Each structure stands twice: as C-alpha cells, then as structure tokens.
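Below is protein-v1.cif, which holds mmCIF, N, CA and C atoms and all ligand atoms.
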```cif
data_target
loop_
_atom_site.label_atom_id
_atom_site.label_comp_id
_atom_site.auth_asym_id
_atom_site.auth_seq_id
_atom_site.Cartn_x
_atom_site.Cartn_y
_atom_site.Cartn_z
N MET M 1 170.91 -70.53 157.70
CA MET M 1 169.55 -70.81 158.18
C MET M 1 168.65 -71.13 156.97
N THR M 2 167.81 -72.11 157.12
CA THR M 2 166.89 -72.47 156.03
C THR M 2 165.47 -72.60 156.59
N GLY M 3 164.52 -72.68 155.71
CA GLY M 3 163.13 -72.78 156.13
C GLY M 3 162.62 -71.43 156.60
N VAL M 4 161.60 -71.46 157.43
CA VAL M 4 161.00 -70.21 157.90
C VAL M 4 161.86 -69.59 158.98
N ILE M 5 162.17 -68.32 158.81
CA ILE M 5 162.90 -67.56 159.82
C ILE M 5 161.86 -66.65 160.45
N ARG M 6 161.42 -67.02 161.65
CA ARG M 6 160.22 -66.38 162.21
C ARG M 6 160.52 -65.01 162.81
N HIS M 7 159.72 -64.05 162.35
CA HIS M 7 159.79 -62.70 162.90
C HIS M 7 159.21 -62.70 164.31
N ARG M 8 159.94 -62.10 165.24
CA ARG M 8 159.47 -62.11 166.63
C ARG M 8 158.46 -61.00 166.91
N GLY M 9 158.28 -60.07 165.95
CA GLY M 9 157.28 -59.02 166.14
C GLY M 9 157.89 -57.67 166.48
N ASP M 10 159.19 -57.62 166.61
CA ASP M 10 159.83 -56.35 166.98
C ASP M 10 161.04 -56.07 166.09
N TYR M 11 160.91 -56.52 164.84
CA TYR M 11 162.01 -56.35 163.87
C TYR M 11 163.27 -57.10 164.29
N THR M 12 163.02 -58.23 164.99
CA THR M 12 164.09 -59.21 165.20
C THR M 12 163.52 -60.57 164.80
N TRP M 13 164.42 -61.51 164.53
CA TRP M 13 164.01 -62.82 164.04
C TRP M 13 164.61 -63.91 164.92
N GLU M 14 163.83 -64.98 165.09
CA GLU M 14 164.27 -66.08 165.94
C GLU M 14 165.57 -66.68 165.41
N GLY M 15 166.53 -66.84 166.29
CA GLY M 15 167.80 -67.46 165.92
C GLY M 15 168.76 -66.54 165.22
N VAL M 16 168.40 -65.28 165.10
CA VAL M 16 169.25 -64.32 164.39
C VAL M 16 169.79 -63.31 165.40
N GLU M 17 171.10 -63.18 165.41
CA GLU M 17 171.74 -62.27 166.35
C GLU M 17 171.70 -60.84 165.83
N ARG M 18 171.46 -59.91 166.71
CA ARG M 18 171.49 -58.50 166.30
C ARG M 18 172.89 -57.95 166.59
N LEU M 19 173.55 -57.50 165.54
CA LEU M 19 174.96 -57.11 165.61
C LEU M 19 175.14 -55.65 165.30
N ALA M 20 176.31 -55.13 165.65
CA ALA M 20 176.68 -53.81 165.17
C ALA M 20 176.73 -53.87 163.65
N TYR M 21 176.47 -52.76 163.01
CA TYR M 21 176.40 -52.70 161.55
C TYR M 21 177.67 -53.20 160.89
N LYS M 22 178.79 -52.74 161.35
CA LYS M 22 180.07 -53.17 160.77
C LYS M 22 181.12 -53.29 161.86
N GLN M 23 182.08 -54.16 161.60
CA GLN M 23 183.20 -54.30 162.54
C GLN M 23 184.45 -53.56 162.07
N GLU M 24 184.51 -53.31 160.74
CA GLU M 24 185.73 -52.75 160.19
C GLU M 24 186.05 -51.39 160.81
N PRO M 25 187.28 -51.19 161.29
CA PRO M 25 187.66 -49.88 161.79
C PRO M 25 187.69 -48.86 160.65
N GLY M 26 187.37 -47.63 160.96
CA GLY M 26 187.43 -46.57 159.95
C GLY M 26 186.16 -46.46 159.13
N SER M 27 185.20 -47.34 159.41
CA SER M 27 183.95 -47.34 158.68
C SER M 27 182.95 -46.48 159.45
N HIS M 28 182.66 -45.30 158.95
CA HIS M 28 181.89 -44.35 159.74
C HIS M 28 180.39 -44.57 159.59
N PHE M 29 179.76 -44.98 160.68
CA PHE M 29 178.31 -45.12 160.69
C PHE M 29 177.83 -44.75 162.08
N LYS M 30 176.50 -44.66 162.24
CA LYS M 30 175.96 -44.24 163.53
C LYS M 30 174.63 -44.95 163.80
N ASP M 31 174.57 -45.62 164.95
CA ASP M 31 173.30 -46.19 165.43
C ASP M 31 172.59 -47.07 164.41
N VAL M 32 173.34 -48.00 163.83
CA VAL M 32 172.74 -48.95 162.89
C VAL M 32 173.07 -50.37 163.35
N THR M 33 172.06 -51.23 163.32
CA THR M 33 172.28 -52.64 163.65
C THR M 33 172.11 -53.50 162.41
N ARG M 34 172.65 -54.70 162.48
CA ARG M 34 172.65 -55.64 161.35
C ARG M 34 172.19 -57.00 161.83
N GLN M 35 171.29 -57.60 161.09
CA GLN M 35 170.88 -58.98 161.34
C GLN M 35 170.99 -59.75 160.02
N VAL M 36 171.71 -60.87 160.05
CA VAL M 36 171.85 -61.68 158.85
C VAL M 36 170.77 -62.76 158.90
N LEU M 37 169.72 -62.60 158.09
CA LEU M 37 168.62 -63.57 158.09
C LEU M 37 169.03 -64.84 157.37
N SER M 38 169.77 -64.67 156.27
CA SER M 38 170.30 -65.84 155.56
C SER M 38 171.67 -65.50 155.03
N ALA M 39 172.63 -66.34 155.38
CA ALA M 39 173.99 -66.16 154.87
C ALA M 39 174.18 -66.95 153.58
N GLY M 40 173.07 -67.29 152.92
CA GLY M 40 173.13 -68.02 151.66
C GLY M 40 172.85 -69.50 151.87
N SER M 41 172.58 -70.20 150.78
CA SER M 41 172.37 -71.64 150.85
C SER M 41 172.75 -72.20 149.49
N PRO M 42 172.93 -73.53 149.38
CA PRO M 42 173.29 -74.10 148.09
C PRO M 42 172.31 -73.66 147.00
N GLY M 43 172.84 -73.23 145.87
CA GLY M 43 171.99 -72.80 144.76
C GLY M 43 171.54 -71.37 144.85
N LEU M 44 171.95 -70.69 145.91
CA LEU M 44 171.58 -69.27 146.07
C LEU M 44 172.84 -68.51 146.43
N PHE M 45 173.24 -67.62 145.56
CA PHE M 45 174.53 -66.95 145.76
C PHE M 45 174.36 -65.57 146.36
N ALA M 46 173.38 -65.46 147.23
CA ALA M 46 173.07 -64.17 147.83
C ALA M 46 172.81 -64.33 149.32
N GLU M 47 172.93 -63.21 150.02
CA GLU M 47 172.61 -63.16 151.44
C GLU M 47 171.47 -62.16 151.64
N LEU M 48 170.71 -62.38 152.70
CA LEU M 48 169.64 -61.45 153.06
C LEU M 48 169.91 -60.91 154.44
N ARG M 49 170.05 -59.59 154.51
CA ARG M 49 170.31 -58.94 155.79
C ARG M 49 169.20 -57.93 156.09
N TYR M 50 169.05 -57.59 157.35
CA TYR M 50 168.14 -56.51 157.75
C TYR M 50 168.95 -55.52 158.58
N PHE M 51 168.93 -54.28 158.14
CA PHE M 51 169.63 -53.21 158.84
C PHE M 51 168.61 -52.25 159.41
N GLU M 52 168.92 -51.71 160.56
CA GLU M 52 168.00 -50.71 161.11
C GLU M 52 168.77 -49.56 161.75
N GLY M 53 168.41 -48.36 161.33
CA GLY M 53 169.01 -47.17 161.91
C GLY M 53 168.02 -46.51 162.86
N ALA M 54 168.49 -46.17 164.05
CA ALA M 54 167.69 -45.38 164.98
C ALA M 54 167.52 -43.98 164.37
N PRO M 55 166.55 -43.18 164.86
CA PRO M 55 166.42 -41.82 164.33
C PRO M 55 167.78 -41.10 164.34
N GLY M 56 168.14 -40.54 163.21
CA GLY M 56 169.44 -39.88 163.06
C GLY M 56 170.55 -40.83 162.66
N GLY M 57 170.32 -42.13 162.77
CA GLY M 57 171.35 -43.11 162.44
C GLY M 57 171.56 -43.21 160.94
N HIS M 58 172.76 -43.58 160.56
CA HIS M 58 173.07 -43.68 159.13
C HIS M 58 174.07 -44.78 158.87
N SER M 59 174.00 -45.32 157.64
CA SER M 59 174.98 -46.31 157.19
C SER M 59 176.23 -45.59 156.70
N THR M 60 177.25 -46.38 156.40
CA THR M 60 178.50 -45.82 155.89
C THR M 60 178.30 -45.28 154.48
N LEU M 61 178.91 -44.14 154.18
CA LEU M 61 178.97 -43.66 152.80
C LEU M 61 180.05 -44.48 152.10
N GLU M 62 179.65 -45.26 151.11
CA GLU M 62 180.58 -46.20 150.49
C GLU M 62 180.16 -46.52 149.07
N ARG M 63 181.06 -47.23 148.38
CA ARG M 63 180.73 -47.82 147.08
C ARG M 63 181.54 -49.09 146.93
N HIS M 64 181.13 -49.91 145.96
CA HIS M 64 181.79 -51.19 145.73
C HIS M 64 181.31 -51.75 144.40
N GLY M 65 182.04 -52.77 143.93
CA GLY M 65 181.73 -53.34 142.63
C GLY M 65 180.46 -54.18 142.61
N HIS M 66 180.03 -54.65 143.76
CA HIS M 66 178.78 -55.43 143.80
C HIS M 66 177.58 -54.49 143.97
N ALA M 67 176.42 -55.00 143.62
CA ALA M 67 175.19 -54.21 143.71
C ALA M 67 174.43 -54.57 144.99
N HIS M 68 173.49 -53.72 145.36
CA HIS M 68 172.57 -54.02 146.46
C HIS M 68 171.15 -53.96 145.93
N LEU M 69 170.32 -54.81 146.47
CA LEU M 69 168.88 -54.72 146.25
C LEU M 69 168.27 -54.54 147.63
N VAL M 70 167.62 -53.40 147.82
CA VAL M 70 167.13 -53.01 149.14
C VAL M 70 165.60 -52.88 149.09
N VAL M 71 164.96 -53.33 150.14
CA VAL M 71 163.53 -53.06 150.32
C VAL M 71 163.37 -52.45 151.71
N ILE M 72 162.78 -51.27 151.74
CA ILE M 72 162.55 -50.62 153.03
C ILE M 72 161.47 -51.41 153.77
N GLY M 73 161.76 -51.76 155.01
CA GLY M 73 160.83 -52.59 155.78
C GLY M 73 160.09 -51.84 156.85
N ARG M 74 160.63 -50.69 157.24
CA ARG M 74 160.06 -49.99 158.39
C ARG M 74 160.45 -48.53 158.35
N GLY M 75 159.51 -47.67 158.70
CA GLY M 75 159.83 -46.27 158.91
C GLY M 75 160.07 -45.51 157.63
N ALA M 76 160.87 -44.49 157.74
CA ALA M 76 161.14 -43.60 156.61
C ALA M 76 162.48 -42.93 156.81
N GLY M 77 162.98 -42.38 155.71
CA GLY M 77 164.26 -41.68 155.77
C GLY M 77 164.64 -41.25 154.37
N HIS M 78 165.94 -41.10 154.17
CA HIS M 78 166.44 -40.71 152.85
C HIS M 78 167.63 -41.60 152.50
N CYS M 79 167.88 -41.71 151.22
CA CYS M 79 169.10 -42.40 150.79
C CYS M 79 169.75 -41.65 149.65
N LEU M 80 171.05 -41.77 149.61
CA LEU M 80 171.84 -41.34 148.46
C LEU M 80 172.13 -42.58 147.64
N VAL M 81 171.84 -42.51 146.34
CA VAL M 81 172.26 -43.56 145.40
C VAL M 81 172.87 -42.84 144.20
N GLY M 82 174.15 -43.03 144.00
CA GLY M 82 174.83 -42.32 142.93
C GLY M 82 174.89 -40.84 143.27
N ALA M 83 174.23 -40.02 142.45
CA ALA M 83 174.28 -38.57 142.66
C ALA M 83 172.94 -38.03 143.15
N GLU M 84 172.05 -38.91 143.59
CA GLU M 84 170.69 -38.48 143.89
C GLU M 84 170.29 -38.83 145.32
N VAL M 85 169.72 -37.86 146.04
CA VAL M 85 169.16 -38.09 147.36
C VAL M 85 167.65 -38.21 147.21
N ARG M 86 167.09 -39.29 147.73
CA ARG M 86 165.65 -39.52 147.60
C ARG M 86 165.06 -39.90 148.95
N ALA M 87 163.81 -39.47 149.17
CA ALA M 87 163.06 -39.93 150.33
C ALA M 87 162.65 -41.37 150.10
N VAL M 88 162.69 -42.17 151.17
CA VAL M 88 162.23 -43.55 151.08
C VAL M 88 161.35 -43.86 152.29
N ALA M 89 160.42 -44.79 152.07
CA ALA M 89 159.54 -45.23 153.15
C ALA M 89 159.22 -46.70 152.95
N ALA M 90 158.57 -47.27 153.95
CA ALA M 90 158.30 -48.71 153.98
C ALA M 90 157.74 -49.20 152.66
N LEU M 91 158.32 -50.29 152.18
CA LEU M 91 157.96 -51.03 150.97
C LEU M 91 158.48 -50.40 149.69
N ASP M 92 159.18 -49.29 149.78
CA ASP M 92 159.94 -48.83 148.61
C ASP M 92 161.09 -49.80 148.37
N ALA M 93 161.45 -49.97 147.11
CA ALA M 93 162.61 -50.78 146.75
C ALA M 93 163.68 -49.86 146.17
N VAL M 94 164.92 -50.18 146.43
CA VAL M 94 166.05 -49.37 145.99
C VAL M 94 167.09 -50.29 145.37
N VAL M 95 167.52 -49.98 144.16
CA VAL M 95 168.60 -50.74 143.52
C VAL M 95 169.85 -49.86 143.53
N VAL M 96 170.91 -50.36 144.14
CA VAL M 96 172.18 -49.65 144.18
C VAL M 96 173.10 -50.33 143.17
N PRO M 97 173.39 -49.67 142.04
CA PRO M 97 174.23 -50.32 141.03
C PRO M 97 175.70 -50.37 141.43
N PRO M 98 176.49 -51.16 140.71
CA PRO M 98 177.93 -51.23 141.01
C PRO M 98 178.58 -49.84 140.99
N LEU M 99 179.42 -49.60 141.95
CA LEU M 99 180.24 -48.39 142.08
C LEU M 99 179.46 -47.10 142.30
N ALA M 100 178.19 -47.21 142.66
CA ALA M 100 177.40 -46.02 143.01
C ALA M 100 177.64 -45.71 144.50
N TRP M 101 177.96 -44.47 144.80
CA TRP M 101 178.04 -44.05 146.20
C TRP M 101 176.67 -44.20 146.82
N HIS M 102 176.61 -44.68 148.05
CA HIS M 102 175.31 -44.85 148.68
C HIS M 102 175.40 -44.69 150.19
N GLN M 103 174.32 -44.19 150.74
CA GLN M 103 174.19 -44.03 152.19
C GLN M 103 172.71 -43.95 152.52
N PHE M 104 172.33 -44.57 153.62
CA PHE M 104 170.94 -44.53 154.10
C PHE M 104 170.93 -43.83 155.45
N ARG M 105 169.91 -42.99 155.68
CA ARG M 105 169.84 -42.29 156.97
C ARG M 105 168.39 -42.16 157.41
N ALA M 106 168.16 -42.43 158.69
CA ALA M 106 166.84 -42.22 159.29
C ALA M 106 166.73 -40.74 159.61
N THR M 107 166.20 -39.98 158.68
CA THR M 107 166.25 -38.51 158.78
C THR M 107 165.15 -37.94 159.66
N GLY M 108 164.13 -38.75 159.95
CA GLY M 108 163.02 -38.22 160.76
C GLY M 108 163.11 -38.68 162.20
N ASP M 109 161.97 -38.76 162.85
CA ASP M 109 161.96 -39.16 164.26
C ASP M 109 161.54 -40.61 164.42
N GLU M 110 161.65 -41.38 163.33
CA GLU M 110 161.36 -42.81 163.41
C GLU M 110 162.55 -43.59 162.85
N PRO M 111 162.65 -44.87 163.24
CA PRO M 111 163.75 -45.68 162.70
C PRO M 111 163.57 -45.94 161.21
N LEU M 112 164.66 -46.29 160.58
CA LEU M 112 164.61 -46.70 159.17
C LEU M 112 165.17 -48.12 159.11
N GLY M 113 164.30 -49.08 158.80
CA GLY M 113 164.74 -50.47 158.68
C GLY M 113 164.66 -50.91 157.24
N PHE M 114 165.66 -51.64 156.79
CA PHE M 114 165.61 -52.10 155.41
C PHE M 114 166.26 -53.47 155.24
N PHE M 115 165.68 -54.25 154.34
CA PHE M 115 166.23 -55.53 153.94
C PHE M 115 167.20 -55.29 152.79
N CYS M 116 168.31 -55.99 152.79
CA CYS M 116 169.31 -55.81 151.74
C CYS M 116 169.79 -57.17 151.26
N VAL M 117 169.63 -57.40 149.97
CA VAL M 117 170.13 -58.62 149.33
C VAL M 117 171.47 -58.29 148.69
N VAL M 118 172.45 -59.14 148.93
CA VAL M 118 173.80 -58.88 148.44
C VAL M 118 174.45 -60.21 148.04
N ALA M 119 175.34 -60.17 147.08
CA ALA M 119 176.05 -61.38 146.65
C ALA M 119 176.89 -61.93 147.80
N SER M 120 176.91 -63.25 147.94
CA SER M 120 177.72 -63.87 149.00
C SER M 120 179.21 -63.60 148.76
N ALA M 121 179.64 -63.69 147.52
CA ALA M 121 181.03 -63.39 147.16
C ALA M 121 181.07 -61.98 146.61
N ARG M 122 181.72 -61.09 147.33
CA ARG M 122 181.68 -59.68 146.93
C ARG M 122 182.96 -58.96 147.32
N ASP M 123 183.20 -57.84 146.65
CA ASP M 123 184.39 -57.04 146.96
C ASP M 123 184.13 -56.21 148.21
N ARG M 124 185.20 -55.70 148.77
CA ARG M 124 185.10 -54.89 149.98
C ARG M 124 184.66 -53.47 149.64
N PRO M 125 183.87 -52.84 150.53
CA PRO M 125 183.46 -51.45 150.27
C PRO M 125 184.67 -50.51 150.23
N GLN M 126 184.54 -49.49 149.38
CA GLN M 126 185.53 -48.40 149.33
C GLN M 126 184.92 -47.19 150.01
N LEU M 127 185.74 -46.50 150.80
CA LEU M 127 185.30 -45.26 151.44
C LEU M 127 185.74 -44.09 150.57
N PRO M 128 185.02 -42.96 150.65
CA PRO M 128 185.37 -41.83 149.78
C PRO M 128 186.69 -41.17 150.17
N SER M 129 187.46 -40.82 149.15
CA SER M 129 188.67 -40.01 149.36
C SER M 129 188.25 -38.55 149.50
N ALA M 130 189.19 -37.71 149.83
CA ALA M 130 188.91 -36.26 149.91
C ALA M 130 188.40 -35.75 148.57
N ALA M 131 189.00 -36.25 147.48
CA ALA M 131 188.57 -35.82 146.14
C ALA M 131 187.16 -36.32 145.83
N ASP M 132 186.85 -37.55 146.26
CA ASP M 132 185.50 -38.08 146.07
C ASP M 132 184.48 -37.23 146.82
N LEU M 133 184.82 -36.86 148.06
CA LEU M 133 183.90 -36.06 148.87
C LEU M 133 183.68 -34.68 148.24
N GLU M 134 184.75 -34.13 147.69
CA GLU M 134 184.63 -32.83 147.05
C GLU M 134 183.70 -32.92 145.84
N ALA M 135 183.85 -34.00 145.07
CA ALA M 135 182.98 -34.19 143.90
C ALA M 135 181.53 -34.38 144.32
N LEU M 136 181.33 -35.19 145.36
CA LEU M 136 179.96 -35.40 145.85
C LEU M 136 179.34 -34.10 146.35
N ALA M 137 180.14 -33.29 147.01
CA ALA M 137 179.65 -32.05 147.62
C ALA M 137 179.38 -30.96 146.59
N SER M 138 179.71 -31.21 145.32
CA SER M 138 179.40 -30.19 144.30
C SER M 138 177.90 -30.08 144.09
N ASP M 139 177.15 -31.08 144.50
CA ASP M 139 175.68 -30.99 144.48
C ASP M 139 175.22 -30.60 145.88
N PRO M 140 174.55 -29.46 146.03
CA PRO M 140 174.17 -28.98 147.37
C PRO M 140 173.29 -29.97 148.14
N ALA M 141 172.39 -30.66 147.44
CA ALA M 141 171.51 -31.62 148.14
C ALA M 141 172.31 -32.80 148.67
N VAL M 142 173.28 -33.24 147.88
CA VAL M 142 174.14 -34.35 148.32
C VAL M 142 175.02 -33.89 149.48
N LYS M 143 175.58 -32.68 149.32
CA LYS M 143 176.45 -32.12 150.37
C LYS M 143 175.72 -32.05 151.71
N ALA M 144 174.44 -31.64 151.66
CA ALA M 144 173.66 -31.48 152.90
C ALA M 144 173.31 -32.84 153.51
N PHE M 145 173.23 -33.84 152.66
CA PHE M 145 172.75 -35.14 153.14
C PHE M 145 173.84 -36.03 153.73
N ILE M 146 174.99 -36.08 153.09
CA ILE M 146 175.98 -37.10 153.46
C ILE M 146 176.57 -36.85 154.85
N ARG M 147 176.93 -37.96 155.49
CA ARG M 147 177.58 -37.93 156.80
C ARG M 147 178.84 -38.78 156.70
N VAL M 148 179.97 -38.20 157.05
CA VAL M 148 181.22 -38.98 157.03
C VAL M 148 181.99 -38.74 158.32
MN MN D 1 177.07 -51.00 150.48
#
```

Would you mind giving the structure from this file in structure tokens?
Ligand code: MN
Amino acid sequence: MTGVIRHRGDYTWEGVERLAYKQEPGSHFKDVTRQVLSAGSPGLFAELRYFEGAPGGHSTLERHGHAHLVVIGRGAGHCLVGAEVRAVAALDAVVVPPLAWHQFRATGDEPLGFFCVVASARDRPQLPSAADLEALASDPAVKAFIRV
C-alpha cells in the first residue's frame, strides 16, 4: 500500500485487514490482533504494523536477530525488553535490540495498541527454552510479568 492509509477512527485503517497476531503454531499469545499498514515499498526495507492487545492480552515472549522500533499508539500496559519490565503508555517509543527477549501486555483495563516497524527481510522469532525461562525468572519482576 502506498500514499495515505486512512485511519477509520477505531484503530483500523481503510484497506487493511485485521488479522490474528500470528499464525505460527506453538506461538503463545492472547487476544492480540495485527494489521499490516505497509508491507514495504521500493527504497524502504521496512514494514509498518499495528498490533493491539485487549485488556489482559499479550504478545509472544520471543527474541530474534532483527530489531523492533515500537511506538505506543493507544492505551497503556507494560513491556519486557531484555531484562527490564517497564510501564508504557500512548506515544512512548520502545526500541527492542537484536536478541533481546520481549513481550508486550495490556496489564490494565484498557487495550494496548502499538505501531511496530520491522525489517522486511528478517529472521524467525525464537521462543524461550526451559533454561531461558529459568534465567528470565531469576528476576522477580520479570518472573511476575512474563506469560508463556
Ligand atoms: Mn518480536
């Protein structure tokens, strides 16, 4: 899609399909939708997506070699990036570096919507092993936050 992608006023965009967050089996997430606003264009090696979690909804706990650039668009919640859990709210920006564990969750009673810029050519997400989960859980705040 090129040119103006018109917001319909309800966190959906004209001509953009609202999809389940992921199709891959074994990818644990809850109540999150995905809209691909731009799947890239010549001269731009990135995609722009909008994800939204219903209250209590969360993205997959994962990591990968590519980075994410996230801007919170709606609501509030928390995210794990690397070893740190932080509160986030509309218009906060979040940079997820390569190989950092990350997860977003709408922790309150409102949805958490965020825009995510990602490279068009990218590696597949890795899910945590039992040993990874044990290492993550050594921090009590991280242990309390993550959902798998
Ligand atoms: Mn990711």

Item to check | segment 64-134 of chain M: residues DSSP assigns to strand (DSSP E or B), reported as a PyMOL selection string | outcome: chain M and resi 68-81+84-89+93-96+102-105+112-119+126

Compute the set of protein, DNA and RNA residues whose minimum atom distance to ligand MN 1 (chain D) is at most 10 Å, using only C-alpha atoms and all ligand atoms, and state it as a PDB file with N, CA and C atoms, keeping the file's coordinate frame.
```pdb
ATOM      1  N   SER M  59     174.000 -45.320 157.640  1.00  0.00           N
ATOM      2  CA  SER M  59     174.980 -46.310 157.190  1.00  0.00           C
ATOM      3  C   SER M  59     176.230 -45.590 156.700  1.00  0.00           C
ATOM      4  N   THR M  60     177.250 -46.380 156.400  1.00  0.00           N
ATOM      5  CA  THR M  60     178.500 -45.820 155.890  1.00  0.00           C
ATOM      6  C   THR M  60     178.300 -45.280 154.480  1.00  0.00           C
ATOM      7  N   LEU M  61     178.910 -44.140 154.180  1.00  0.00           N
ATOM      8  CA  LEU M  61     178.970 -43.660 152.800  1.00  0.00           C
ATOM      9  C   LEU M  61     180.050 -44.480 152.100  1.00  0.00           C
ATOM     10  N   GLU M  62     179.650 -45.260 151.110  1.00  0.00           N
ATOM     11  CA  GLU M  62     180.580 -46.200 150.490  1.00  0.00           C
ATOM     12  C   GLU M  62     180.160 -46.520 149.070  1.00  0.00           C
ATOM     13  N   ARG M  63     181.060 -47.230 148.380  1.00  0.00           N
ATOM     14  CA  ARG M  63     180.730 -47.820 147.080  1.00  0.00           C
ATOM     15  C   ARG M  63     181.540 -49.090 146.930  1.00  0.00           C
ATOM     16  N   HIS M  64     181.130 -49.910 145.960  1.00  0.00           N
ATOM     17  CA  HIS M  64     181.790 -51.190 145.730  1.00  0.00           C
ATOM     18  C   HIS M  64     181.310 -51.750 144.400  1.00  0.00           C
ATOM     19  N   GLY M  65     182.040 -52.770 143.930  1.00  0.00           N
ATOM     20  CA  GLY M  65     181.730 -53.340 142.630  1.00  0.00           C
ATOM     21  C   GLY M  65     180.460 -54.180 142.610  1.00  0.00           C
ATOM     22  N   HIS M  66     180.030 -54.650 143.760  1.00  0.00           N
ATOM     23  CA  HIS M  66     178.780 -55.430 143.800  1.00  0.00           C
ATOM     24  C   HIS M  66     177.580 -54.490 143.970  1.00  0.00           C
ATOM     25  N   ALA M  67     176.420 -55.000 143.620  1.00  0.00           N
ATOM     26  CA  ALA M  67     175.190 -54.210 143.710  1.00  0.00           C
ATOM     27  C   ALA M  67     174.430 -54.570 144.990  1.00  0.00           C
ATOM     28  N   HIS M  68     173.490 -53.720 145.360  1.00  0.00           N
ATOM     29  CA  HIS M  68     172.570 -54.020 146.460  1.00  0.00           C
ATOM     30  C   HIS M  68     171.150 -53.960 145.930  1.00  0.00           C
ATOM     31  N   LEU M  69     170.320 -54.810 146.470  1.00  0.00           N
ATOM     32  CA  LEU M  69     168.880 -54.720 146.250  1.00  0.00           C
ATOM     33  C   LEU M  69     168.270 -54.540 147.630  1.00  0.00           C
ATOM     34  N   VAL M  96     170.910 -50.360 144.140  1.00  0.00           N
ATOM     35  CA  VAL M  96     172.180 -49.650 144.180  1.00  0.00           C
ATOM     36  C   VAL M  96     173.100 -50.330 143.170  1.00  0.00           C
ATOM     37  N   PRO M  97     173.390 -49.670 142.040  1.00  0.00           N
ATOM     38  CA  PRO M  97     174.230 -50.320 141.030  1.00  0.00           C
ATOM     39  C   PRO M  97     175.700 -50.370 141.430  1.00  0.00           C
ATOM     40  N   PRO M  98     176.490 -51.160 140.710  1.00  0.00           N
ATOM     41  CA  PRO M  98     177.930 -51.230 141.010  1.00  0.00           C
ATOM     42  C   PRO M  98     178.580 -49.840 140.990  1.00  0.00           C
ATOM     43  N   LEU M  99     179.420 -49.600 141.950  1.00  0.00           N
ATOM     44  CA  LEU M  99     180.240 -48.390 142.080  1.00  0.00           C
ATOM     45  C   LEU M  99     179.460 -47.100 142.300  1.00  0.00           C
ATOM     46  N   ALA M 100     178.190 -47.210 142.660  1.00  0.00           N
ATOM     47  CA  ALA M 100     177.400 -46.020 143.010  1.00  0.00           C
ATOM     48  C   ALA M 100     177.640 -45.710 144.500  1.00  0.00           C
ATOM     49  N   TRP M 101     177.960 -44.470 144.800  1.00  0.00           N
ATOM     50  CA  TRP M 101     178.040 -44.050 146.200  1.00  0.00           C
ATOM     51  C   TRP M 101     176.670 -44.200 146.820  1.00  0.00           C
ATOM     52  N   HIS M 102     176.610 -44.680 148.050  1.00  0.00           N
ATOM     53  CA  HIS M 102     175.310 -44.850 148.680  1.00  0.00           C
ATOM     54  C   HIS M 102     175.400 -44.690 150.190  1.00  0.00           C
ATOM     55  N   GLN M 103     174.320 -44.190 150.740  1.00  0.00           N
ATOM     56  CA  GLN M 103     174.190 -44.030 152.190  1.00  0.00           C
ATOM     57  C   GLN M 103     172.710 -43.950 152.520  1.00  0.00           C
ATOM     58  N   PHE M 104     172.330 -44.570 153.620  1.00  0.00           N
ATOM     59  CA  PHE M 104     170.940 -44.530 154.100  1.00  0.00           C
ATOM     60  C   PHE M 104     170.930 -43.830 155.450  1.00  0.00           C
ATOM     61  N   CYS M 116     168.310 -55.990 152.790  1.00  0.00           N
ATOM     62  CA  CYS M 116     169.310 -55.810 151.740  1.00  0.00           C
ATOM     63  C   CYS M 116     169.790 -57.170 151.260  1.00  0.00           C
ATOM     64  N   VAL M 118     172.450 -59.140 148.930  1.00  0.00           N
ATOM     65  CA  VAL M 118     173.800 -58.880 148.440  1.00  0.00           C
ATOM     66  C   VAL M 118     174.450 -60.210 148.040  1.00  0.00           C
ATOM     67  N   ARG M 124     185.200 -55.700 148.770  1.00  0.00           N
ATOM     68  CA  ARG M 124     185.100 -54.890 149.980  1.00  0.00           C
ATOM     69  C   ARG M 124     184.660 -53.470 149.640  1.00  0.00           C
ATOM     70  N   PRO M 125     183.870 -52.840 150.530  1.00  0.00           N
ATOM     71  CA  PRO M 125     183.460 -51.450 150.270  1.00  0.00           C
ATOM     72  C   PRO M 125     184.670 -50.510 150.230  1.00  0.00           C
ATOM     73  N   GLN M 126     184.540 -49.490 149.380  1.00  0.00           N
ATOM     74  CA  GLN M 126     185.530 -48.400 149.330  1.00  0.00           C
ATOM     75  C   GLN M 126     184.920 -47.190 150.010  1.00  0.00           C
TER      76      GLN M 126
END
```

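For the residues M:Leu127, M:Val142, M:Thr33, M:Phe45, ranking by smallest atom-to-atom distance to Leu80 of chain M using only N, CA and C atoms places M:Val142 first.
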
Checklist entry - Quick one: distance from atom CA of Pro42 of chain M to atom CA of Thr2 of chain M in Å, one decimal? => result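 Value for the atom CA of Pro42 of chain M-atom CA of Thr2 of chain M distance: 10.3 Å.
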
Item to check | Contact residues around segment 7-17 of chain M with only N, CA and C atoms at 8 Å, ignoring same-chain residues under 4 positions, as a list in words | outcome: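 Residues near the query, excluding close chain neighbours: Arg34, Gln35, Val36 and Leu37 of chain M.
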
Item to check | Between atom CA of Ala76 of chain M and atom C of Val88 of chain M - distance in Å to one decimal | outcome: 4.3 Å

Checklist entry - Please, what distance in Å, to one decimal, runs between atom C of Cys79 of chain M and atom N of Arg105 of chain M? => result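 Computing it gives 6.2 Å between the two atoms.
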
Checklist entry - So which one's closest to Pro111 of chain M, M:Leu19, M:Leu48, M:Val70, M:Ala54? Using all atoms listed in the file, please. => result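 Distance minimum relative to Pro111 of chain M lands on M:Ala54.
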
Checklist outcome for this item: Between M:Gly40, M:Gly73, M:Pro128, M:Gly53, smallest distance to Asp92 of chain M by all atoms listed in the file belongs to M:Gly73

As JSON, please: the centre and edge lengths in Å, to one decimal, of an axis-aligned box enclosing every listed atom of segment 38-57 of chain M with 4 Å added on each side.
```
{"center_x": 170.5, "center_y": -57.0, "center_z": 154.9, "size_x": 16.1, "size_y": 42.2, "size_z": 28.2}
```

Checklist entry - Pick the closest to Pro55 of chain M from M:Leu112, M:Ala135, M:Val148, M:Ala121: which is it, counting all atoms listed in the file? => result M:Leu112

Checklist entry - Which residue, M:Ala141, M:Val4, M:Ala130, M:Val117, has the smallest gap to Glu84 of chain M when you use all atoms listed in the file? => result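 For Glu84 of chain M, the nearest of the candidates is M:Ala141.
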